[in-house]
Amino acid sequence: MANVLTVNNLSKSFGKIRAVNGVSFSISKGQVVGILGPNGSGKTTTLSVVLGIKKASAGSFTWFDQPIGITKNTRVGSLVEVPYFYPYLTLSKNLEVVAKTRGITLEHIPQTLEMVGLSKRAKTKYQTLSLGMKQRLAIASALLGNPEVLVLDEPTNGLDPEGIAEVREIISNQSKLGRTIILASHILDEVEKVCSDVIILKQGQVISKGSVTELLSDKHMAIVSAEDIDKLYNGLKTIDTLEIIEKRSDNILIATENPGIISSINRELMQKGIALTRIEPIKKSLESQFLEIIKQQ
Amino acid sequence: MVKKLLAIEGRKTLFYPTFRTIIGLHALLFLIVALVASNINLNIEGIRIDKVFQFPHVWNTLAWIASWFNLLLGILAIMLTCNEFQFRTFRKQLIDGLTRNELIIAKLFVLISLAAYAMILVFVSGLLFGITKSSTFSVTDFIHGLQYLPVLFVQSLGYMLLGLLVAFIFRNTAFSIIAYLLYFFPVEPIVRAFMSDSAAAFMPAKTIANLTPMPDFVGISLSDVIQISNGTGSLEMIGTAIQSTPLLTTSIVTIGYCLIFGIIVKLIAANKNF
């Protein structure tokens with residue numbers, strides 16, 4: 001399958017700080033890829049470099065197997081962090097600027113505004129919009145000209161639940177249309193619902209990548225709690241086949257490759273004088289798996 | 001590329017309310033000052049001040065008056081550029097596919113258009129003042145002094161390119177305007193005070209300002225008297241503005257400064273993140 005984006009050993013430093021350190025991955029046509037990572041992991045920097053906003057310190061990348069160039073303008077639509085528009089211009093005029101910049105005909109504008117539910121506000125000035133509407137306009141700007149690839153960095157940033165739902169629906173509809181989507185998000189539930197593949201970054205490096213299905217299939221997880229969490233934590237540490245994912249204030253998230261072990265935990269801990277007050281097998285989510293991977297590295 | 005960049009900048013600039021206000025203010029202030037000055041009636045013993053609004057002196061006079069308002073155009077250049085940093089729209093345009101060079105070229109087109117506007121404003125008003133104030137019309141008188149129009153163009157461009165440079169350095173409208181005004185007064189005048197006169201004349205602000213020298217009002221006003229006395233009937237050398245450095249040299253040095261400002265802006269854009 002043809003590669004849409006190929007990143008080779010990409011690095012980006014800001015002074016002495018290396019924000020991205022030898023990142024390599026490739027994204028094929030039709031994939032919906034989530035880029036995950038804690039704050040400061042290099043998600044936005046990586047996207048900023050491949051979108052041409054920042055210059056790479058080392059390494060290279062290609063769009064559609066070609067160096068970055070004119071072909072990207074019409075084939076890639078993007079939204080990085082927050083919408084950037086002229087506050088004094090109307091929505092139509094703002095999209096006209098984007099269309100002219102990307103070499104897209106102006107005829108696409110009404111249809112794109114319709115797609116994000118802003119057609120009635122076409123003549124409204126950008127500065128009068130709510131945050132949710134601004135974000136929808138940013139998505140409209142990315143969708144302008146029906147690009148093959150959508151790059152969305154934190155598209156639900158700062159939105160209220162209603163706004164998040166609206167944006168999520170737009171992304172979901174776009175993924176159903178078979179568009180290649182690269183989505184960087186903190187909201188793992190969102191990524192899990194929309195993405196087919198994930199790339200996990202930590203401290204500027206790729207620490208895991210693969211399909212969401214693969215990522216979620218290999219381990220069984222449970223939440224356990226006891227009156228004395230510290231004693232429980234020490235007790236769990238003695239069980240070899242068990243992995244402690246996260247110690248929280250009132251419970252502990254554990255994982256194991258053996259599903260039978262979870263039912264035998266209670267017995268083992270009782271022998272150590274620890275009475276469990278809760279043992280709850282959980283359906284593994286991308287969030288728990290993400291936390292586990294981040295913790296392992 | 002030219003058409004594309006003009007289409008983009010046209011939308012951003014022409015619909016910007018502050019742009020319309022500043023351009024309106026620029027034209028209005030220029031016309032008010034020119035109208036008031038042209039109607040000052042000081043006819044003392046044959047010395048007529050309104051002669052400076054007759055052909056061929058009108059071009060120098062109006063270019064000199066227009067030069068007072070070039071700072072407004074420089075401030076406008078700062079605002080248009082700093083807006084791009086403030087709204088982070090330079091960043092968006094890079095994402096959408098413009099190159100860093102295209103971002104600068106697009107802004108240069110805006111500045112060139114504004115300099116052309118200033119030149120056309122002076123040409124049209126010079127034409128009207130010249131026709132209404134001159135008692136006789138000759139092609140020679142009309143053409144003589146027209147060189148002040150391209151000179152005003154270069155001067156306006158110089159002011160605006162310095163504004164563009166300051167905007168790229170500070171990226172903040174308020175800081176940039178303050179730094180820009182401080183450079184004209186008192187920074188450069190203080191620096192010039194420690195330099196020899198010949199070197200000080202080639203400092204950026206001084207050179208750019210020298211392009212449109214104050215007309216020699218007395219010489220122009222006395223030109224009739226002098227013409228009668230020497231019997232030549234020629235206006236050559238009579239009433240020509242007093243200038244320490246030849247206009248051509250000053251123009252070339254200003255163009256050199258424009259190139260330097262442009263190159264520094266390009267270097268900043270190439271090496272800084274947006």
# chains A, B, ... in the order shown; residues from 1 in each chain; ligands from 1
>>> residues_around(residues="Val50 in chain A", least_positions_apart="5", cutoff="12 Å", atoms="only C-alpha atoms", output="mmCIF file with all heavy atoms, in the first residue's frame")
data_model
loop_
_atom_site.group_PDB
_atom_site.id
_atom_site.type_symbol
_atom_site.label_atom_id
_atom_site.label_comp_id
_atom_site.auth_asym_id
_atom_site.auth_seq_id
_atom_site.Cartn_x
_atom_site.Cartn_y
_atom_site.Cartn_z
ATOM 1 N N VAL A 4 1.525 7.355 2.710
ATOM 2 C CA VAL A 4 1.087 8.745 2.677
ATOM 3 C C VAL A 4 2.168 9.604 3.336
ATOM 4 O O VAL A 4 2.594 10.614 2.793
ATOM 5 C CB VAL A 4 -0.258 8.896 3.418
ATOM 6 C CG1 VAL A 4 -0.568 10.349 3.688
ATOM 7 C CG2 VAL A 4 -1.379 8.262 2.603
ATOM 8 N N LEU A 5 2.607 9.162 4.499
ATOM 9 C CA LEU A 5 3.643 9.904 5.224
ATOM 10 C C LEU A 5 4.711 8.930 5.710
ATOM 11 O O LEU A 5 4.388 7.899 6.313
ATOM 12 C CB LEU A 5 3.015 10.639 6.425
ATOM 13 C CG LEU A 5 3.979 11.343 7.389
ATOM 14 C CD1 LEU A 5 4.739 12.475 6.712
ATOM 15 C CD2 LEU A 5 3.225 11.906 8.597
ATOM 16 N N THR A 6 5.949 9.244 5.416
ATOM 17 C CA THR A 6 7.062 8.433 5.918
ATOM 18 C C THR A 6 8.007 9.358 6.682
ATOM 19 O O THR A 6 8.453 10.372 6.149
ATOM 20 C CB THR A 6 7.827 7.770 4.746
ATOM 21 O OG1 THR A 6 6.878 7.107 3.918
ATOM 22 C CG2 THR A 6 8.856 6.780 5.255
ATOM 23 N N VAL A 7 8.253 8.986 7.919
ATOM 24 C CA VAL A 7 9.140 9.796 8.765
ATOM 25 C C VAL A 7 10.360 8.943 9.106
ATOM 26 O O VAL A 7 10.222 7.814 9.582
ATOM 27 C CB VAL A 7 8.394 10.234 10.059
ATOM 28 C CG1 VAL A 7 9.329 10.976 10.990
ATOM 29 C CG2 VAL A 7 7.195 11.094 9.716
ATOM 30 N N ASN A 8 11.551 9.470 8.813
ATOM 31 C CA ASN A 8 12.784 8.706 9.035
ATOM 32 C C ASN A 8 13.702 9.400 10.026
ATOM 33 O O ASN A 8 14.235 10.468 9.730
ATOM 34 C CB ASN A 8 13.556 8.548 7.717
ATOM 35 C CG ASN A 8 12.867 7.607 6.778
ATOM 36 O OD1 ASN A 8 12.415 6.530 7.177
ATOM 37 N ND2 ASN A 8 12.750 8.018 5.530
ATOM 38 N N LEU A 10 13.581 11.236 12.572
ATOM 39 C CA LEU A 10 13.361 12.684 12.702
ATOM 40 C C LEU A 10 13.723 13.176 14.110
ATOM 41 O O LEU A 10 13.326 12.575 15.104
ATOM 42 C CB LEU A 10 11.893 12.994 12.421
ATOM 43 C CG LEU A 10 11.547 14.450 12.178
ATOM 44 C CD1 LEU A 10 11.930 14.858 10.768
ATOM 45 C CD2 LEU A 10 10.061 14.662 12.376
ATOM 46 N N SER A 11 14.468 14.265 14.164
ATOM 47 C CA SER A 11 14.808 14.877 15.462
ATOM 48 C C SER A 11 14.576 16.369 15.384
ATOM 49 O O SER A 11 14.745 16.989 14.328
ATOM 50 C CB SER A 11 16.271 14.629 15.824
ATOM 51 O OG SER A 11 16.488 13.257 16.026
ATOM 52 N N LYS A 12 14.187 16.941 16.509
ATOM 53 C CA LYS A 12 14.025 18.388 16.579
ATOM 54 C C LYS A 12 14.448 18.853 17.972
ATOM 55 O O LYS A 12 13.940 18.370 18.987
ATOM 56 C CB LYS A 12 12.560 18.770 16.315
ATOM 57 C CG LYS A 12 12.246 20.247 16.526
ATOM 58 C CD LYS A 12 12.909 21.139 15.495
ATOM 59 C CE LYS A 12 12.693 22.601 15.781
ATOM 60 N NZ LYS A 12 13.480 23.477 14.916
ATOM 61 N N VAL A 20 12.079 16.024 19.917
ATOM 62 C CA VAL A 20 11.825 14.811 19.128
ATOM 63 C C VAL A 20 13.186 14.163 18.875
ATOM 64 O O VAL A 20 14.133 14.832 18.483
ATOM 65 C CB VAL A 20 11.125 15.156 17.789
ATOM 66 C CG1 VAL A 20 10.955 13.917 16.942
ATOM 67 C CG2 VAL A 20 9.771 15.817 18.037
ATOM 68 N N VAL A 23 12.577 9.885 15.665
ATOM 69 C CA VAL A 23 11.250 9.282 15.439
ATOM 70 C C VAL A 23 11.144 8.757 14.004
ATOM 71 O O VAL A 23 11.495 9.446 13.056
ATOM 72 C CB VAL A 23 10.139 10.327 15.722
ATOM 73 C CG1 VAL A 23 8.809 9.874 15.148
ATOM 74 C CG2 VAL A 23 10.027 10.585 17.209
ATOM 75 N N SER A 24 10.684 7.507 13.871
ATOM 76 C CA SER A 24 10.454 6.919 12.546
ATOM 77 C C SER A 24 9.113 6.214 12.541
ATOM 78 O O SER A 24 8.782 5.492 13.488
ATOM 79 C CB SER A 24 11.538 5.892 12.205
ATOM 80 O OG SER A 24 12.793 6.508 12.154
ATOM 81 N N PHE A 25 8.344 6.442 11.539
ATOM 82 C CA PHE A 25 7.095 5.692 11.323
ATOM 83 C C PHE A 25 6.606 5.958 9.913
ATOM 84 O O PHE A 25 7.086 6.866 9.237
ATOM 85 C CB PHE A 25 6.016 6.051 12.357
ATOM 86 C CG PHE A 25 5.596 7.504 12.366
ATOM 87 C CD1 PHE A 25 4.640 7.976 11.477
ATOM 88 C CD2 PHE A 25 6.150 8.399 13.280
ATOM 89 C CE1 PHE A 25 4.243 9.309 11.490
ATOM 90 C CE2 PHE A 25 5.764 9.735 13.303
ATOM 91 C CZ PHE A 25 4.811 10.182 12.398
ATOM 92 N N SER A 26 5.674 5.143 9.480
ATOM 93 C CA SER A 26 5.063 5.425 8.179
ATOM 94 C C SER A 26 3.562 5.203 8.281
ATOM 95 O O SER A 26 3.091 4.386 9.076
ATOM 96 C CB SER A 26 5.680 4.556 7.089
ATOM 97 O OG SER A 26 5.454 3.211 7.389
ATOM 98 N N LYS A 43 4.503 15.096 20.374
ATOM 99 C CA LYS A 43 3.451 14.891 19.358
ATOM 100 C C LYS A 43 3.314 16.112 18.447
ATOM 101 O O LYS A 43 3.409 16.013 17.229
ATOM 102 C CB LYS A 43 2.071 14.644 20.026
ATOM 103 C CG LYS A 43 2.014 13.489 20.994
ATOM 104 C CD LYS A 43 0.603 13.277 21.499
ATOM 105 C CE LYS A 43 -0.001 14.428 22.290
ATOM 106 N NZ LYS A 43 0.552 14.638 23.624
ATOM 107 N N THR A 44 3.073 17.264 19.086
ATOM 108 C CA THR A 44 2.841 18.477 18.306
ATOM 109 C C THR A 44 4.091 18.881 17.539
ATOM 110 O O THR A 44 4.003 19.313 16.390
ATOM 111 C CB THR A 44 2.371 19.620 19.229
ATOM 112 O OG1 THR A 44 1.145 19.205 19.828
ATOM 113 C CG2 THR A 44 2.135 20.912 18.471
ATOM 114 N N THR A 45 5.265 18.707 18.164
ATOM 115 C CA THR A 45 6.509 19.066 17.466
ATOM 116 C C THR A 45 6.681 18.198 16.226
ATOM 117 O O THR A 45 7.032 18.699 15.151
ATOM 118 C CB THR A 45 7.715 18.924 18.417
ATOM 119 O OG1 THR A 45 7.439 19.650 19.605
ATOM 120 C CG2 THR A 45 8.983 19.457 17.794
ATOM 121 N N LYS A 55 11.439 23.482 11.374
ATOM 122 C CA LYS A 55 12.453 22.774 10.601
ATOM 123 C C LYS A 55 13.045 21.643 11.432
ATOM 124 O O LYS A 55 13.330 21.848 12.611
ATOM 125 C CB LYS A 55 13.553 23.748 10.186
ATOM 126 C CG LYS A 55 13.109 24.713 9.118
ATOM 127 C CD LYS A 55 14.291 25.499 8.584
ATOM 128 C CE LYS A 55 13.878 26.238 7.322
ATOM 129 N NZ LYS A 55 14.977 26.984 6.738
ATOM 130 N N ALA A 56 13.243 20.495 10.806
ATOM 131 C CA ALA A 56 13.828 19.356 11.513
ATOM 132 C C ALA A 56 15.299 19.641 11.809
ATOM 133 O O ALA A 56 15.984 20.268 10.997
ATOM 134 C CB ALA A 56 13.698 18.113 10.665
ATOM 135 N N GLY A 59 17.185 14.126 10.338
ATOM 136 C CA GLY A 59 16.210 13.184 9.811
ATOM 137 C C GLY A 59 15.431 13.774 8.646
ATOM 138 O O GLY A 59 15.703 14.894 8.201
ATOM 139 N N SER A 60 14.488 12.993 8.152
ATOM 140 C CA SER A 60 13.737 13.452 6.978
ATOM 141 C C SER A 60 12.315 12.913 7.005
ATOM 142 O O SER A 60 11.987 12.043 7.812
ATOM 143 C CB SER A 60 14.438 12.979 5.706
ATOM 144 O OG SER A 60 14.447 11.558 5.696
ATOM 145 N N PHE A 61 11.504 13.425 6.130
ATOM 146 C CA PHE A 61 10.139 12.902 5.978
ATOM 147 C C PHE A 61 9.678 13.149 4.551
ATOM 148 O O PHE A 61 10.198 14.042 3.869
ATOM 149 C CB PHE A 61 9.181 13.566 6.980
ATOM 150 C CG PHE A 61 9.038 15.042 6.798
ATOM 151 C CD1 PHE A 61 8.032 15.572 5.995
ATOM 152 C CD2 PHE A 61 9.918 15.927 7.413
ATOM 153 C CE1 PHE A 61 7.900 16.943 5.809
ATOM 154 C CE2 PHE A 61 9.803 17.294 7.222
ATOM 155 C CZ PHE A 61 8.796 17.804 6.438
ATOM 156 N N THR A 62 8.760 12.330 4.105
ATOM 157 C CA THR A 62 8.188 12.530 2.774
ATOM 158 C C THR A 62 6.680 12.407 2.852
ATOM 159 O O THR A 62 6.144 11.653 3.672
ATOM 160 C CB THR A 62 8.695 11.484 1.755
ATOM 161 O OG1 THR A 62 8.388 10.180 2.263
ATOM 162 C CG2 THR A 62 10.181 11.611 1.503
ATOM 163 N N TRP A 63 5.994 13.183 2.050
ATOM 164 C CA TRP A 63 4.540 13.045 1.874
ATOM 165 C C TRP A 63 4.338 12.384 0.524
ATOM 166 O O TRP A 63 4.921 12.816 -0.466
ATOM 167 C CB TRP A 63 3.853 14.413 1.864
ATOM 168 C CG TRP A 63 3.688 15.032 3.212
ATOM 169 C CD1 TRP A 63 4.460 15.999 3.772
ATOM 170 C CD2 TRP A 63 2.677 14.737 4.176
ATOM 171 N NE1 TRP A 63 4.007 16.326 5.023
ATOM 172 C CE2 TRP A 63 2.899 15.563 5.294
ATOM 173 C CE3 TRP A 63 1.605 13.843 4.223
ATOM 174 C CZ2 TRP A 63 2.094 15.530 6.428
ATOM 175 C CZ3 TRP A 63 0.800 13.821 5.347
ATOM 176 C CH2 TRP A 63 1.039 14.647 6.434
ATOM 177 N N PRO A 67 9.434 14.569 -1.417
ATOM 178 C CA PRO A 67 9.764 15.588 -0.422
ATOM 179 C C PRO A 67 8.629 16.602 -0.337
ATOM 180 O O PRO A 67 7.875 16.771 -1.295
ATOM 181 C CB PRO A 67 11.026 16.248 -0.993
ATOM 182 C CG PRO A 67 11.538 15.295 -2.001
ATOM 183 C CD PRO A 67 10.384 14.531 -2.516
ATOM 184 N N ILE A 68 8.527 17.273 0.814
ATOM 185 C CA ILE A 68 7.441 18.235 1.021
ATOM 186 C C ILE A 68 7.432 19.257 -0.120
ATOM 187 O O ILE A 68 8.455 19.719 -0.563
ATOM 188 C CB ILE A 68 7.592 18.931 2.393
ATOM 189 C CG1 ILE A 68 6.347 19.716 2.741
ATOM 190 C CG2 ILE A 68 8.834 19.791 2.469
ATOM 191 C CD1 ILE A 68 6.303 20.115 4.208
ATOM 192 N N GLY A 69 6.277 19.551 -0.626
ATOM 193 C CA GLY A 69 6.217 20.497 -1.746
ATOM 194 C C GLY A 69 4.795 20.863 -2.068
ATOM 195 O O GLY A 69 3.898 20.687 -1.254
ATOM 196 N N LYS A 72 1.574 18.808 -1.355
ATOM 197 C CA LYS A 72 0.986 18.687 -0.017
ATOM 198 C C LYS A 72 -0.210 19.622 0.147
ATOM 199 O O LYS A 72 -1.182 19.278 0.807
ATOM 200 C CB LYS A 72 2.047 19.004 1.048
ATOM 201 C CG LYS A 72 1.528 18.892 2.470
ATOM 202 C CD LYS A 72 2.624 19.166 3.463
ATOM 203 C CE LYS A 72 2.791 20.627 3.768
ATOM 204 N NZ LYS A 72 1.717 21.245 4.528
ATOM 205 N N VAL A 76 -3.242 17.506 1.631
ATOM 206 C CA VAL A 76 -3.219 17.390 3.096
ATOM 207 C C VAL A 76 -3.941 18.582 3.726
ATOM 208 O O VAL A 76 -3.597 19.729 3.450
ATOM 209 C CB VAL A 76 -1.770 17.331 3.638
ATOM 210 C CG1 VAL A 76 -1.761 17.160 5.151
ATOM 211 C CG2 VAL A 76 -0.979 16.230 2.969
ATOM 212 N N SER A 78 -5.016 20.282 7.459
ATOM 213 C CA SER A 78 -4.551 20.101 8.834
ATOM 214 C C SER A 78 -5.116 21.119 9.809
ATOM 215 O O SER A 78 -5.504 22.226 9.435
ATOM 216 C CB SER A 78 -3.027 20.153 8.869
ATOM 217 O OG SER A 78 -2.590 21.354 8.306
ATOM 218 N N VAL A 80 -3.728 22.265 13.595
ATOM 219 C CA VAL A 80 -2.712 22.068 14.635
ATOM 220 C C VAL A 80 -3.070 22.895 15.861
ATOM 221 O O VAL A 80 -3.094 24.118 15.805
ATOM 222 C CB VAL A 80 -1.301 22.441 14.124
ATOM 223 C CG1 VAL A 80 -0.251 22.209 15.199
ATOM 224 C CG2 VAL A 80 -0.960 21.622 12.893
ATOM 225 N N VAL A 151 -4.769 15.980 9.032
ATOM 226 C CA VAL A 151 -3.884 15.943 10.205
ATOM 227 C C VAL A 151 -4.540 16.799 11.281
ATOM 228 O O VAL A 151 -4.715 18.004 11.088
ATOM 229 C CB VAL A 151 -2.473 16.486 9.863
ATOM 230 C CG1 VAL A 151 -1.570 16.433 11.091
ATOM 231 C CG2 VAL A 151 -1.858 15.706 8.716
ATOM 232 N N ILE A 182 -4.638 11.485 10.584
ATOM 233 C CA ILE A 182 -3.590 11.428 11.621
ATOM 234 C C ILE A 182 -4.105 12.294 12.761
ATOM 235 O O ILE A 182 -4.288 13.493 12.597
ATOM 236 C CB ILE A 182 -2.244 11.958 11.082
ATOM 237 C CG1 ILE A 182 -1.821 11.154 9.835
ATOM 238 C CG2 ILE A 182 -1.163 11.880 12.163
ATOM 239 C CD1 ILE A 182 -0.660 11.762 9.068
ATOM 240 N N LEU B 94 1.981 28.662 6.487
ATOM 241 C CA LEU B 94 3.055 27.679 6.264
ATOM 242 C C LEU B 94 2.461 26.275 6.225
ATOM 243 O O LEU B 94 2.826 25.462 5.374
ATOM 244 C CB LEU B 94 4.096 27.762 7.389
ATOM 245 C CG LEU B 94 5.113 28.895 7.316
ATOM 246 C CD1 LEU B 94 6.007 28.868 8.542
ATOM 247 C CD2 LEU B 94 5.965 28.780 6.063
ATOM 248 N N ILE B 95 1.537 26.016 7.169
ATOM 249 C CA ILE B 95 0.882 24.705 7.199
ATOM 250 C C ILE B 95 0.144 24.472 5.880
ATOM 251 O O ILE B 95 0.177 23.388 5.316
ATOM 252 C CB ILE B 95 -0.122 24.618 8.378
ATOM 253 C CG1 ILE B 95 0.604 24.693 9.714
ATOM 254 C CG2 ILE B 95 -0.942 23.342 8.300
ATOM 255 C CD1 ILE B 95 -0.324 24.851 10.914
ATOM 256 N N ASP B 96 -0.513 25.520 5.402
ATOM 257 C CA ASP B 96 -1.318 25.376 4.191
ATOM 258 C C ASP B 96 -0.481 25.358 2.913
ATOM 259 O O ASP B 96 -1.027 25.248 1.820
ATOM 260 C CB ASP B 96 -2.372 26.497 4.122
ATOM 261 C CG ASP B 96 -3.497 26.274 5.125
ATOM 262 O OD1 ASP B 96 -3.702 25.117 5.528
ATOM 263 O OD2 ASP B 96 -4.162 27.242 5.518
ATOM 264 N N GLY B 97 0.820 25.516 3.055
ATOM 265 C CA GLY B 97 1.672 25.273 1.889
ATOM 266 C C GLY B 97 2.498 26.421 1.361
ATOM 267 O O GLY B 97 3.257 26.228 0.412
#
>>> select_by_dssp(residues="range 17-243 of chain A", states="strand (DSSP E or B)", output="number ranges by chain")
A: 17-28, 32-36, 58-63, 66, 76-80, 90, 125, 149-153, 180-184, 197-202, 205-211, 220-226, 243
>>> residues_around(residues="Asp153 in chain A", least_positions_apart="2", cutoff="8 Å", atoms="only C-alpha atoms", output="PyMOL selection string")
chain A and resi 44+47+79-81+151+155+183-185
>>> closest_atom_pairs(of="chain A", to="chain B", cutoff="9 Å", atoms="only C-alpha atoms", output="tab-separated table")
residue	atom	partner	partner_atom	distance
A:Ser48	CA	B:Ile95	CA	8.2
A:Leu51	CA	B:Ile95	CA	5.5
A:Gly52	CA	B:Ile95	CA	6.1
A:Ile53	CA	B:Leu94	CA	5.8
A:Lys54	CA	B:Asn273	CA	5.7
A:Lys55	CA	B:Asn273	CA	7.7
A:Gly69	CA	B:Gly97	CA	7.5
A:Ile70	CA	B:Gly97	CA	6.7
A:Thr71	CA	B:Gly97	CA	8.8
A:Lys72	CA	B:Gly97	CA	6.9
A:Asn73	CA	B:Gly97	CA	4.9
A:Thr74	CA	B:Asp96	CA	8.4
A:Val76	CA	B:Asp96	CA	8.3
A:Gly77	CA	B:Asp96	CA	7.5
A:Ser78	CA	B:Ile95	CA	7.3
A:Leu79	CA	B:Ile95	CA	8.7
A:Val80	CA	B:Lys92	CA	8.6
A:Pro83	CA	B:Lys92	CA	8.6
A:Tyr84	CA	B:Thr89	CA	5.6
A:Phe85	CA	B:Thr89	CA	6.2
A:Tyr86	CA	B:Phe87	CA	6.6
A:Pro87	CA	B:Phe87	CA	8.0
A:Tyr88	CA	B:Tyr16	CA	6.5
A:Leu89	CA	B:Phe15	CA	6.8
A:Lys93	CA	B:Arg11	CA	7.1
A:Asn94	CA	B:Lys12	CA	8.3
A:Glu96	CA	B:Arg11	CA	8.0
A:Val97	CA	B:Ile8	CA	5.4
A:Val98	CA	B:Asp96	CA	7.1
A:Ala99	CA	B:Asp96	CA	8.9
A:Lys100	CA	B:Ile8	CA	6.1
A:Thr101	CA	B:Asp96	CA	6.4
A:Arg102	CA	B:Asp96	CA	5.7
A:Gly103	CA	B:Lys4	CA	8.1
A:Ala142	CA	B:Asp96	CA	8.8
>>> residues_around(residues="Arg20 in chain B", least_positions_apart="5", cutoff="12 Å", atoms="only C-alpha atoms", output="list in words")
Lys12, Thr13, Leu14, Phe15, Leu25, His26, Ala27, Leu28, Leu73, Leu76, Leu80 and Leu114 of chain B
>>> residues_around(residues="Gly145 in chain B", least_positions_apart="5", cutoff="9 Å", atoms="only C-alpha atoms", output="ChimeraX atom specification")
/B:55-60
>>> write_last_selection(atoms="N, CA and C atoms", output="mmCIF file, in the first residue's frame")
data_model
loop_
_atom_site.group_PDB
_atom_site.id
_atom_site.type_symbol
_atom_site.label_atom_id
_atom_site.label_comp_id
_atom_site.auth_asym_id
_atom_site.auth_seq_id
_atom_site.Cartn_x
_atom_site.Cartn_y
_atom_site.Cartn_z
ATOM 1 N N PHE B 55 3.261 74.331 -11.151
ATOM 2 C CA PHE B 55 4.264 73.535 -11.860
ATOM 3 C C PHE B 55 5.525 74.373 -12.006
ATOM 4 N N PRO B 56 6.694 73.867 -11.852
ATOM 5 C CA PRO B 56 7.051 72.473 -11.569
ATOM 6 C C PRO B 56 7.258 72.206 -10.070
ATOM 7 N N HIS B 57 7.124 73.278 -9.222
ATOM 8 C CA HIS B 57 7.480 73.126 -7.807
ATOM 9 C C HIS B 57 6.520 72.225 -7.033
ATOM 10 N N VAL B 58 5.295 72.073 -7.576
ATOM 11 C CA VAL B 58 4.265 71.330 -6.839
ATOM 12 C C VAL B 58 4.702 69.900 -6.509
ATOM 13 N N TRP B 59 5.480 69.282 -7.391
ATOM 14 C CA TRP B 59 5.878 67.873 -7.146
ATOM 15 C C TRP B 59 6.766 67.770 -5.905
ATOM 16 N N ASN B 60 7.738 68.655 -5.806
ATOM 17 C CA ASN B 60 8.632 68.648 -4.643
ATOM 18 C C ASN B 60 7.831 68.985 -3.382
#
